[in-house]
$ cat run_25.txt   # compact mmCIF, C-alpha atoms and all ligand atoms
# COMPACT_ATOMS: atom_id res chain seq x y z
CA MET A 1 0.44 -8.45 28.13
CA ALA A 2 1.30 -10.33 24.93
CA ALA A 3 1.44 -6.98 23.07
CA VAL A 4 3.85 -5.52 25.65
CA LEU A 5 6.07 -8.62 25.39
CA ILE A 6 6.20 -8.56 21.59
CA PHE A 7 6.68 -4.79 21.53
CA ALA A 8 9.42 -4.56 24.14
CA ALA A 9 11.36 -7.74 23.39
CA PRO A 10 14.68 -7.16 21.55
CA TRP A 11 13.92 -9.61 18.72
CA PRO A 12 16.92 -10.10 16.37
CA ALA A 13 16.26 -8.38 13.02
CA THR A 14 17.19 -11.55 11.12
CA LEU A 15 14.55 -13.55 12.99
CA ILE A 16 11.86 -10.94 12.22
CA GLU A 17 13.03 -10.89 8.58
CA THR A 18 12.76 -14.65 8.12
CA ALA A 19 9.85 -15.61 10.33
CA PHE A 20 7.65 -12.51 10.05
CA SER A 21 8.42 -10.33 7.00
CA ARG A 22 9.14 -13.24 4.63
CA GLY A 23 6.81 -15.72 6.34
CA TRP A 24 3.75 -14.90 8.42
CA TYR A 25 3.29 -11.36 7.09
CA ARG A 26 3.16 -12.46 3.44
CA LEU A 27 0.35 -14.89 4.24
CA VAL A 28 -1.58 -12.28 6.22
CA GLN A 29 -1.06 -9.67 3.48
CA SER A 30 -2.33 -11.94 0.72
CA ILE A 31 -5.48 -12.76 2.70
CA LEU A 32 -6.32 -9.33 4.15
CA THR A 33 -5.59 -7.32 0.99
CA THR A 34 -7.62 -9.78 -1.13
CA ILE A 35 -10.58 -9.20 1.21
CA SER A 36 -10.17 -5.42 1.55
CA ASN A 37 -9.72 -5.10 -2.25
CA LEU A 38 -13.33 -6.33 -2.66
CA THR A 39 -14.79 -2.99 -1.57
CA PRO A 40 -14.25 0.51 -3.01
CA TRP A 41 -14.62 2.04 0.47
CA THR A 42 -11.86 1.81 3.05
CA TRP A 43 -12.06 -0.60 5.94
CA PHE A 44 -9.90 1.82 7.92
CA ASP A 45 -12.77 4.35 8.00
CA VAL A 46 -15.18 1.66 9.22
CA LEU A 47 -12.73 0.41 11.86
CA VAL A 48 -12.25 3.95 13.23
CA LEU A 49 -16.04 4.49 13.26
CA VAL A 50 -16.64 1.19 15.09
CA ALA A 51 -13.92 2.04 17.65
CA VAL A 52 -15.46 5.48 18.31
CA VAL A 53 -19.00 4.01 18.67
CA LEU A 54 -17.77 1.30 21.09
CA CYS A 55 -15.89 3.87 23.22
CA VAL A 56 -18.86 6.26 23.39
CA ARG A 57 -21.28 3.40 24.23
CA ARG A 58 -19.02 2.17 27.03
CA LEU A 59 -18.65 5.70 28.38
CA VAL A 60 -22.47 6.11 28.51
CA VAL A 61 -22.86 2.74 30.30
CA LEU A 62 -20.16 3.68 32.86
CA ILE A 63 -21.70 7.10 33.56
CA ARG A 64 -25.09 5.43 34.18
CA GLU A 65 -23.42 3.08 36.70
CA ARG A 66 -21.82 5.89 38.72
CA ARG A 67 -24.60 5.88 41.37
CA GLN A 68 -23.94 2.25 42.33
CA ARG A 69 -20.16 2.23 41.85
CA GLY A 70 -19.12 5.83 42.54
CA TRP A 71 -16.70 7.92 40.43
CA TRP A 72 -13.63 5.99 41.68
CA GLY A 73 -15.25 2.69 40.74
CA ILE A 74 -16.15 3.66 37.19
CA GLY A 75 -12.82 5.54 36.80
CA GLY A 76 -10.87 2.36 37.63
CA GLU A 77 -13.07 0.34 35.27
CA ALA A 78 -12.47 2.89 32.46
CA VAL A 79 -8.67 2.70 32.94
CA ARG A 80 -8.75 -1.14 32.97
CA ARG A 81 -10.86 -1.30 29.81
CA THR A 82 -8.71 1.33 28.03
CA LEU A 83 -5.52 -0.62 28.81
CA ARG A 84 -7.05 -3.91 27.68
CA GLY A 85 -8.49 -2.36 24.48
CA SER A 86 -5.17 -0.67 23.62
CA GLY A 87 -3.38 -4.00 24.19
CA TYR A 88 -5.65 -5.76 21.66
CA VAL A 89 -5.17 -2.97 19.09
CA ALA A 90 -1.36 -3.00 19.58
CA LEU A 91 -1.25 -6.79 19.23
CA ALA A 92 -3.33 -6.69 16.01
CA PHE A 93 -1.09 -3.88 14.69
CA LEU A 94 2.14 -5.79 15.36
CA LEU A 95 0.93 -9.11 13.94
CA CYS A 96 -0.76 -7.60 10.87
CA TRP A 97 2.06 -5.24 9.83
CA GLY A 98 3.94 -3.43 12.61
CA LEU A 99 6.72 -5.97 13.17
CA ASN A 100 8.06 -5.05 9.72
CA TYR A 101 9.66 -2.02 11.43
CA ARG A 102 12.08 -4.42 13.07
CA ARG A 103 13.21 -6.39 10.00
CA THR A 104 16.75 -6.27 8.53
CA SER A 105 17.29 -2.83 7.02
CA LEU A 106 17.75 -2.52 3.27
CA ILE A 107 20.78 -0.26 3.68
CA SER A 108 22.62 -2.89 5.74
CA VAL A 109 21.91 -5.50 3.05
CA LEU A 110 22.77 -3.32 0.04
CA SER A 111 25.90 -1.54 1.26
CA ALA A 112 28.99 -3.16 2.69
CA THR A 113 30.08 0.00 4.51
CA PRO A 114 27.89 2.12 6.75
CA PRO A 115 26.47 4.93 4.61
CA VAL A 116 27.76 8.44 5.10
CA THR A 117 25.69 11.59 4.67
CA ALA A 118 25.40 12.54 1.01
CA SER A 119 27.67 15.43 -0.01
CA VAL A 120 26.33 18.57 -1.70
CA ASP A 121 28.11 17.57 -4.94
CA GLU A 122 26.46 14.13 -4.94
CA LEU A 123 23.04 15.65 -4.29
CA ARG A 124 23.54 18.31 -6.97
CA GLN A 125 24.46 15.63 -9.51
CA LEU A 126 21.42 13.59 -8.45
CA ALA A 127 19.19 16.64 -9.06
CA ILE A 128 20.81 17.29 -12.46
CA ASP A 129 20.30 13.65 -13.51
CA ALA A 130 16.69 13.67 -12.26
CA ALA A 131 16.09 16.91 -14.19
CA ALA A 132 17.46 15.31 -17.38
CA VAL A 133 15.17 12.27 -17.01
CA ALA A 134 12.19 14.53 -16.22
CA ALA A 135 12.83 16.70 -19.29
CA ARG A 136 13.00 13.62 -21.54
CA THR A 137 9.81 11.98 -20.27
CA ARG A 138 7.52 14.97 -19.57
CA THR A 139 5.97 15.31 -23.07
CA ALA A 140 5.00 11.61 -23.19
CA ALA A 141 3.74 11.76 -19.59
CA GLN A 142 1.60 14.83 -20.39
CA LYS A 143 -0.10 12.93 -23.22
CA GLN A 144 -1.36 10.19 -20.90
CA LEU A 145 -2.58 11.54 -17.59
CA LEU A 146 -3.19 8.38 -15.59
CA SER A 147 -5.90 7.73 -13.01
CA TYR A 148 -4.97 5.70 -9.95
CA ASP A 149 -6.69 2.67 -11.49
CA ASP A 150 -4.60 3.04 -14.69
CA ILE A 151 -1.46 3.19 -12.54
CA ALA A 152 -2.52 0.15 -10.50
CA ARG A 153 -2.77 -1.80 -13.77
CA ARG A 154 0.67 -0.73 -15.03
CA LEU A 155 2.65 -0.80 -11.81
CA PRO A 156 2.72 -4.47 -10.61
CA GLU A 157 5.29 -5.75 -13.10
CA PRO A 158 7.94 -2.98 -12.68
CA PHE A 159 7.16 -2.95 -8.96
CA ASN A 160 8.01 -6.61 -8.49
CA ARG A 161 11.14 -6.23 -10.63
CA ALA A 162 12.24 -3.41 -8.30
CA LEU A 163 11.68 -5.62 -5.25
CA ALA A 164 13.62 -8.50 -6.83
CA HIS A 165 16.48 -6.09 -7.64
CA VAL A 166 16.97 -5.28 -3.94
CA GLY A 167 16.46 -8.90 -2.87
CA ARG A 168 13.03 -8.48 -1.32
CA PRO A 169 10.12 -10.88 -2.06
CA ARG A 170 7.39 -9.81 -4.49
CA LEU A 171 4.13 -8.17 -3.47
CA ILE A 172 1.59 -10.98 -3.66
CA VAL A 173 -1.62 -8.92 -3.81
CA PRO A 174 -1.27 -5.24 -4.85
CA GLY A 175 -3.66 -2.90 -3.03
CA ARG A 176 -6.63 -1.29 -4.78
CA PRO A 177 -6.12 2.51 -4.59
CA LYS A 178 -8.74 3.92 -2.21
CA TYR A 179 -9.87 7.26 -0.83
CA THR A 180 -10.66 7.84 2.82
CA VAL A 181 -13.07 10.11 4.74
CA PHE A 182 -9.92 11.56 6.31
CA THR A 183 -8.99 13.24 2.99
CA PRO A 184 -9.70 16.80 4.30
CA PHE A 185 -7.24 16.08 7.12
CA PHE A 186 -4.70 14.69 4.59
CA THR A 187 -5.00 17.96 2.62
CA ARG A 188 -4.34 20.17 5.65
CA ALA A 189 -1.55 17.97 7.02
CA GLY A 190 0.17 17.52 3.64
CA VAL A 191 -0.30 13.72 3.70
CA THR A 192 -0.36 12.13 0.23
CA GLY A 193 -1.21 8.56 1.18
CA MET A 194 -1.24 5.97 3.92
CA VAL A 195 -1.27 2.22 4.38
CA ASP A 196 -4.00 0.81 6.61
CA PRO A 197 -2.00 -1.45 8.97
CA PHE A 198 -5.06 -3.56 9.88
CA ALA A 199 -6.92 -4.27 6.62
CA LEU A 200 -3.68 -3.78 4.62
CA GLU A 201 -5.15 -1.44 2.01
CA SER A 202 -3.59 1.49 0.12
CA MET A 203 -5.14 4.89 0.77
CA VAL A 204 -4.20 7.78 -1.54
CA HIS A 205 -5.12 11.45 -1.74
CA PRO A 206 -7.57 11.94 -4.65
CA ASP A 207 -6.44 15.47 -5.57
CA LEU A 208 -2.74 14.93 -6.20
CA LEU A 209 -1.32 16.23 -9.47
CA PRO A 210 -1.15 13.54 -12.19
CA PHE A 211 2.64 13.35 -12.01
CA GLU A 212 2.59 12.77 -8.24
CA ARG A 213 0.21 9.79 -8.34
CA PRO A 214 2.43 6.93 -9.65
CA PHE A 215 5.16 7.53 -7.07
CA VAL A 216 2.67 7.93 -4.20
CA LEU A 217 0.88 4.66 -5.05
CA ALA A 218 4.23 2.88 -5.49
CA HIS A 219 5.36 4.19 -2.06
CA GLU A 220 2.15 2.85 -0.44
CA TRP A 221 2.57 -0.50 -2.20
CA ALA A 222 6.13 -0.69 -0.90
CA HIS A 223 4.69 -0.36 2.62
CA LEU A 224 2.20 -3.09 1.72
CA ALA A 225 5.07 -5.30 0.53
CA GLY A 226 6.56 -5.05 4.03
CA GLN A 227 8.86 -2.02 3.74
CA ALA A 228 7.63 -0.27 6.89
CA ASP A 229 10.53 2.19 6.93
CA GLU A 230 9.66 5.43 5.06
CA ALA A 231 13.06 5.69 3.34
CA GLU A 232 12.86 2.09 2.11
CA ALA A 233 9.27 2.58 0.89
CA SER A 234 10.34 5.68 -1.07
CA ALA A 235 13.45 4.03 -2.52
CA VAL A 236 11.53 0.91 -3.63
CA GLY A 237 8.62 3.04 -4.96
CA TRP A 238 11.07 5.25 -6.86
CA SER A 239 12.93 2.27 -8.32
CA ALA A 240 9.61 0.69 -9.40
CA CYS A 241 8.45 3.85 -11.21
CA MET A 242 11.87 4.20 -12.89
CA ARG A 243 11.27 0.76 -14.42
CA GLY A 244 7.82 1.64 -15.75
CA ASP A 245 6.65 3.59 -18.78
CA ASP A 246 7.09 7.35 -19.28
CA PRO A 247 4.40 8.68 -16.87
CA LEU A 248 5.83 6.47 -14.12
CA VAL A 249 9.44 7.48 -14.88
CA TYR A 250 8.42 11.16 -14.92
CA SER A 251 6.76 10.75 -11.51
CA ALA A 252 9.94 9.17 -10.09
CA ALA A 253 12.12 11.93 -11.55
CA MET A 254 9.87 14.66 -10.10
CA TYR A 255 9.92 12.99 -6.66
CA LEU A 256 13.73 12.99 -6.79
CA LEU A 257 13.86 16.64 -7.86
CA VAL A 258 11.60 17.67 -4.97
CA GLU A 259 13.62 15.62 -2.44
CA THR A 260 16.97 16.96 -3.63
CA SER A 261 15.60 20.52 -3.65
CA ALA A 262 14.80 20.10 0.05
CA ALA A 263 18.20 18.57 0.84
CA LEU A 264 20.39 21.01 -1.11
CA PRO A 265 21.46 24.43 0.22
CA THR A 266 19.11 27.07 -1.28
CA ARG A 267 21.90 28.70 -3.31
CA VAL A 268 22.86 25.41 -4.99
CA TRP A 269 19.23 24.47 -5.68
CA ARG A 270 18.65 27.90 -7.32
CA GLU A 271 21.57 27.17 -9.67
CA VAL A 272 19.94 23.86 -10.65
CA LEU A 273 16.48 25.43 -10.90
CA VAL A 274 17.44 27.92 -13.62
CA THR A 275 18.72 25.08 -15.82
CA LEU A 276 15.46 23.10 -15.64
CA ASP A 277 13.18 22.42 -18.60
CA PRO A 278 10.41 25.13 -18.59
CA GLY A 279 7.67 22.44 -18.44
CA VAL A 280 9.31 20.79 -15.43
CA ARG A 281 9.56 24.19 -13.71
CA GLU A 282 5.86 24.76 -14.44
CA ASP A 283 5.00 21.43 -12.76
CA LEU A 284 7.12 22.35 -9.71
CA ARG A 285 5.16 25.62 -9.49
CA ALA A 286 1.86 23.69 -9.66
CA LEU A 287 3.11 21.52 -6.80
CA ALA A 288 4.05 24.59 -4.73
CA ASN A 289 0.51 25.89 -5.33
CA ARG A 290 -1.02 22.64 -4.14
CA TRP A 291 1.10 22.83 -0.99
CA LYS A 292 -0.55 26.20 -0.17
CA LEU A 293 -3.56 24.17 1.05
CA ILE A 294 -1.41 22.72 3.84
CA GLN A 295 -2.04 24.32 7.24
CA PRO A 296 1.31 24.51 9.08
CA SER A 297 -0.29 23.99 12.52
CA VAL A 298 -2.10 20.79 11.37
CA ARG A 299 0.99 19.54 9.53
CA ASP A 300 3.31 20.18 12.48
CA ALA A 301 0.94 18.56 14.99
CA SER A 302 0.41 15.45 12.84
CA PHE A 303 4.15 15.16 12.13
CA LYS A 304 4.81 15.33 15.87
CA VAL A 305 2.37 12.46 16.49
CA TYR A 306 3.81 10.45 13.58
CA ASP A 307 7.36 11.15 14.83
CA GLY A 308 6.43 9.69 18.25
CA TYR A 309 4.80 6.68 16.57
CA LEU A 310 7.90 5.97 14.43
CA ARG A 311 10.27 6.30 17.39
CA ALA A 312 8.07 3.91 19.40
CA ASN A 313 8.49 1.47 16.50
CA ALA A 314 12.29 1.61 16.72
CA VAL A 315 12.76 4.15 13.87
CA GLU A 316 15.46 6.23 15.58
CA ASP A 317 15.30 9.24 13.26
CA GLY A 318 11.48 9.49 13.34
CA VAL A 319 9.95 11.59 10.53
CA ARG A 320 13.42 12.56 9.32
CA SER A 321 13.60 8.96 8.01
CA TYR A 322 11.81 10.19 4.81
CA SER A 323 14.93 12.09 3.72
CA ARG A 324 17.11 8.99 4.28
CA ALA A 325 15.65 7.73 0.96
CA LEU A 326 18.26 9.82 -0.86
CA GLN A 327 21.07 7.83 0.77
CA LEU A 328 19.47 4.62 -0.53
CA ILE A 329 18.95 6.03 -4.04
CA LEU A 330 22.61 7.12 -4.07
CA LEU A 331 23.74 3.50 -3.59
CA PRO A 332 25.16 2.16 -6.89
CA THR A 333 22.46 -0.57 -7.01
CA LEU A 334 19.71 2.03 -7.39
CA ARG A 335 21.57 5.04 -8.77
CA GLY A 336 22.52 3.00 -11.86
CA GLN A 337 18.89 3.19 -13.01
CA LEU A 338 19.05 6.98 -13.15
CA ILE A 339 22.33 7.00 -15.06
CA ASP A 340 20.88 4.51 -17.59
CA LEU A 341 17.85 6.71 -18.29
CA ARG A 342 19.63 10.08 -18.14
CA SER A 343 20.70 10.09 -21.78
CA GLY A 344 20.32 8.10 -24.98
CA PRO A 345 17.07 6.84 -26.49
CA VAL A 346 14.40 5.71 -24.08
CA ASP A 347 14.21 1.93 -23.91
CA PRO A 348 11.20 0.77 -26.01
CA THR A 349 10.06 -1.35 -23.03
CA HIS A 350 9.51 1.93 -21.21
CA ARG A 351 6.70 2.76 -23.58
CA PRO A 352 3.17 1.48 -22.91
ZN ZN B 401 4.96 6.14 3.87

$ encode --input "run_25.txt" --output "structure tokens"
Amino acid sequence: MAAVLIFAAPWPATLIETAFSRGWYRLVQSILTTISNLTPWTWFDVLVLVAVVLCVRRLVVLIRERRQRGWWGIGGEAVRRTLRGSGYVALAFLLCWGLNYRRTSLISVLSATPPVTASVDELRQLAIDAAAVAARTRTAAQKQLLSYDDIARRLPEPFNRALAHVGRPRLIVPGRPKYTVFTPFFTRAGVTGMVDPFALESMVHPDLLPFERPFVLAHEWAHLAGQADEAEASAVGWSACMRGDDPLVYSAAMYLLVETSAALPTRVWREVLVTLDPGVREDLRALANRWKLIQPSVRDASFKVYDGYLRANAVEDGVRSYSRALQLILLPTLRGQLIDLRSGPVDPTHRP
């Protein structure tokens, strides 16, 4: 009942922002992530296992009771228990993380006017700038292929500067990068990472290419810092990597190239593609090869489920919200970072 009330009530975004995202959630995050960081294994796997065991055990007990209670009796009991169990899970989800979906949106804070869809010219220029930054940082990035643990050591400082830049509070406890038993599913569905909304831990795919890893971890940390929205998580993660050293900047530039390639008409993207640095093109080919492991049926089914989940959490554009990140990056507040790094000598603070 409490879950239904919290879920359905039209809470004002400013109230959620102040009381939950900047208040209660930050306390919960610092406690839960500190605890879940203690173990190399993911609590999410254990929670799913426990839930499955409890469901199966209850099902066995109910089937044994069918002689005394009849099929209708145990059927009613199963429905009651399922509703009650789902209510507890939904309540835990909302109070641990889920209410962040209803906070004040970053785009409404950062832009005075409602954003319009990015034009082809703006996107082309974004791709050209990203390509320039990628070409300038690739050699240095290639020399230091970072593990997730290396990235987790280098990322906190630029990450918190990125949050401060958009007026969001810092991430108190960064999440230890972890792998999950669901990795084979991640591979087939094309999922690169996920935040565990209960134990507040950062799960990443172990087999990503080195240049993908910094951005993916930064995106998951942005979720952990309370940016539930996919576009906001990508924009904050991108901005954080752009403030880091060369491997992090290269990762951000490659993310932007991939996103703009998907948003631009094929003809325009082909024009950009032929101008790219040969090394950058080689990395894009390696990425396309990795994507061959994705099974379209698994990806489409999981995206459909995720789309329903996002819409239920008041994200009106569902999975299309990922591509909204480009609108945020095009805002002068964030775009300035790209222009700064596009030409001229790389800032010495960007070196490790
Ligand atoms: Zn995400």

$ residues_near_point --input "run_25.txt" --point "(12.4, 13.9, -12.1)" --cutoff "7 Å" --atoms "only C-alpha atoms" --output "mmCIF file with C-alpha atoms, keeping the file's coordinate frame"
data_model
loop_
_atom_site.group_PDB
_atom_site.id
_atom_site.type_symbol
_atom_site.label_atom_id
_atom_site.label_comp_id
_atom_site.auth_asym_id
_atom_site.auth_seq_id
_atom_site.Cartn_x
_atom_site.Cartn_y
_atom_site.Cartn_z
ATOM 1 C CA ALA A 130 16.690 13.670 -12.260
ATOM 2 C CA ALA A 131 16.090 16.910 -14.190
ATOM 3 C CA VAL A 133 15.170 12.270 -17.010
ATOM 4 C CA ALA A 134 12.190 14.530 -16.220
ATOM 5 C CA TYR A 250 8.420 11.160 -14.920
ATOM 6 C CA SER A 251 6.760 10.750 -11.510
ATOM 7 C CA ALA A 252 9.940 9.170 -10.090
ATOM 8 C CA ALA A 253 12.120 11.930 -11.550
ATOM 9 C CA MET A 254 9.870 14.660 -10.100
ATOM 10 C CA TYR A 255 9.920 12.990 -6.660
ATOM 11 C CA LEU A 256 13.730 12.990 -6.790
ATOM 12 C CA LEU A 257 13.860 16.640 -7.860
#

$ atom_distance --input "run_25.txt" --atom1 "CA of Asp307 in chain A" --atom2 "CA of Ser323 in chain A"
13.5 Å

$ residues_near_ligand --input "run_25.txt" --ligand "ligand ZN 401 (chain B)" --cutoff "7 Å" --atoms "all atoms listed in the file" --output "PDB file with C-alpha atoms, keeping the file's coordinate frame"
ATOM      1  CA  MET A 194      -1.240   5.970   3.920  1.00  0.00           C
ATOM      2  CA  HIS A 219       5.360   4.190  -2.060  1.00  0.00           C
ATOM      3  CA  GLU A 220       2.150   2.850  -0.440  1.00  0.00           C
ATOM      4  CA  HIS A 223       4.690  -0.360   2.620  1.00  0.00           C
ATOM      5  CA  GLU A 230       9.660   5.430   5.060  1.00  0.00           C
ATOM      6  CA  ALA A 233       9.270   2.580   0.890  1.00  0.00           C
TER       7      ALA A 233
END

$ atom_distance --input "run_25.txt" --atom1 "CA of Ser30 in chain A" --atom2 "CA of Val173 in chain A"
5.5 Å

$ closest_residue --input "run_25.txt" --among "A:Leu126, A:Ser36, A:Glu259, A:Pro265" --to "Lys178 in chain A" --atoms "only C-alpha atoms"
A:Ser36

$ residues_around --input "run_25.txt" --residues "Ile35 in chain A" --least-positions-apart "5" --cutoff "12 Å" --atoms "all atoms listed in the file" --output "PyMOL selection string"
chain A and resi 28-30+40-43+173-176+198-201

$ atom_distance --input "run_25.txt" --atom1 "CA of Pro214 in chain A" --atom2 "CA of Asn100 in chain A"
23.5 Å

$ closest_residue --input "run_25.txt" --among "A:Gly279, A:Pro296, A:Pro177, A:Gly75" --to "Leu38 in chain A" --atoms "all atoms listed in the file"
A:Pro177

$ closest_residue --input "run_25.txt" --among "A:Asp150, A:Asp121, A:Asp229, A:Asp277" --to "Gly318 in chain A" --atoms "only C-alpha atoms"
A:Asp229

$ closest_residue --input "run_25.txt" --among "A:Arg311, A:Lys304, A:Arg22, A:Arg213" --to "Thr104 in chain A" --atoms "all atoms listed in the file"
A:Arg22

$ closest_residue --input "run_25.txt" --among "A:Val298, A:Thr333, A:Arg324, A:Ile128" --to "Leu273 in chain A" --atoms "only C-alpha atoms"
A:Ile128

$ closest_residue --input "run_25.txt" --among "A:Thr34, A:Asn289, A:Gln227, A:Gln295" --to "Tyr101 in chain A" --atoms "all atoms listed in the file"
A:Gln227

$ residues_around --input "run_25.txt" --residues "Gly193 in chain A" --least-positions-apart "4" --cutoff "7 Å" --atoms "only C-alpha atoms" --output "list in words"
Met203, Val204, His205, Val216 and Glu220 of chain A

$ write_last_selection --input "run_25.txt" --atoms "C-alpha atoms" --output "PDB file, in the coordinates of the input"
ATOM      1  CA  MET A 203      -5.140   4.890   0.770  1.00  0.00           C
ATOM      2  CA  VAL A 204      -4.200   7.780  -1.540  1.00  0.00           C
ATOM      3  CA  HIS A 205      -5.120  11.450  -1.740  1.00  0.00           C
ATOM      4  CA  VAL A 216       2.670   7.930  -4.200  1.00  0.00           C
ATOM      5  CA  GLU A 220       2.150   2.850  -0.440  1.00  0.00           C
TER       6      GLU A 220
END

$ residues_around --input "run_25.txt" --residues "Ala314 in chain A" --least-positions-apart "2" --cutoff "12 Å" --atoms "all atoms listed in the file" --output "list in words"
Phe7, Ala8, Ala9, Pro10, Trp11, Ala13, Gly98, Leu99, Asn100, Tyr101, Arg102, Arg103, Ser105, Ala228, Asp229, Asp307, Gly308, Tyr309, Leu310, Arg311, Ala312, Glu316, Asp317, Gly318, Val319 and Ser321 of chain A

$ build_atoms --input "run_25.txt" --residues "range 129-147 of chain A" --atoms "N, CA and C atoms" --output "JSON list (two decimals), in the coordinates of the input"
[["chain", "number", "residue", "atom", "x", "y", "z"],
["A", 129, "ASP", "N", 20.70, 14.88, -12.80],
["A", 129, "ASP", "CA", 20.30, 13.65, -13.51],
["A", 129, "ASP", "C", 18.78, 13.50, -13.51],
["A", 130, "ALA", "N", 18.15, 13.78, -12.35],
["A", 130, "ALA", "CA", 16.69, 13.67, -12.26],
["A", 130, "ALA", "C", 16.04, 14.67, -13.21],
["A", 131, "ALA", "N", 16.63, 15.88, -13.30],
["A", 131, "ALA", "CA", 16.09, 16.91, -14.19],
["A", 131, "ALA", "C", 16.18, 16.46, -15.64],
["A", 132, "ALA", "N", 17.29, 15.79, -16.00],
["A", 132, "ALA", "CA", 17.46, 15.31, -17.38],
["A", 132, "ALA", "C", 16.41, 14.26, -17.71],
["A", 133, "VAL", "N", 16.18, 13.33, -16.78],
["A", 133, "VAL", "CA", 15.17, 12.27, -17.01],
["A", 133, "VAL", "C", 13.77, 12.90, -17.09],
["A", 134, "ALA", "N", 13.51, 13.87, -16.22],
["A", 134, "ALA", "CA", 12.19, 14.53, -16.22],
["A", 134, "ALA", "C", 11.96, 15.24, -17.55],
["A", 135, "ALA", "N", 12.98, 15.96, -18.04],
["A", 135, "ALA", "CA", 12.83, 16.70, -19.29],
["A", 135, "ALA", "C", 12.55, 15.75, -20.46],
["A", 136, "ARG", "N", 13.15, 14.56, -20.43],
["A", 136, "ARG", "CA", 13.00, 13.62, -21.54],
["A", 136, "ARG", "C", 11.67, 12.88, -21.52],
["A", 137, "THR", "N", 11.04, 12.79, -20.35],
["A", 137, "THR", "CA", 9.81, 11.98, -20.27],
["A", 137, "THR", "C", 8.54, 12.83, -20.12],
["A", 138, "ARG", "N", 8.69, 14.15, -19.89],
["A", 138, "ARG", "CA", 7.52, 14.97, -19.57],
["A", 138, "ARG", "C", 6.48, 14.99, -20.70],
["A", 139, "THR", "N", 6.92, 15.19, -21.96],
["A", 139, "THR", "CA", 5.97, 15.31, -23.07],
["A", 139, "THR", "C", 5.12, 14.04, -23.16],
["A", 140, "ALA", "N", 5.76, 12.88, -23.11],
["A", 140, "ALA", "CA", 5.00, 11.61, -23.19],
["A", 140, "ALA", "C", 4.09, 11.46, -21.98],
["A", 141, "ALA", "N", 4.56, 11.88, -20.81],
["A", 141, "ALA", "CA", 3.74, 11.76, -19.59],
["A", 141, "ALA", "C", 2.52, 12.67, -19.67],
["A", 142, "GLN", "N", 2.70, 13.86, -20.27],
["A", 142, "GLN", "CA", 1.60, 14.83, -20.39],
["A", 142, "GLN", "C", 0.49, 14.30, -21.29],
["A", 143, "LYS", "N", 0.89, 13.45, -22.26],
["A", 143, "LYS", "CA", -0.10, 12.93, -23.22],
["A", 143, "LYS", "C", -0.99, 11.86, -22.61],
["A", 144, "GLN", "N", -0.55, 11.25, -21.52],
["A", 144, "GLN", "CA", -1.36, 10.19, -20.90],
["A", 144, "GLN", "C", -1.45, 10.42, -19.40],
["A", 145, "LEU", "N", -2.39, 11.26, -19.01],
["A", 145, "LEU", "CA", -2.58, 11.54, -17.59],
["A", 145, "LEU", "C", -3.32, 10.36, -16.96],
["A", 146, "LEU", "N", -2.65, 9.65, -16.09],
["A", 146, "LEU", "CA", -3.19, 8.38, -15.59],
["A", 146, "LEU", "C", -4.02, 8.55, -14.32],
["A", 147, "SER", "N", -5.12, 7.80, -14.26],
["A", 147, "SER", "CA", -5.90, 7.73, -13.01],
["A", 147, "SER", "C", -5.19, 6.73, -12.11]]
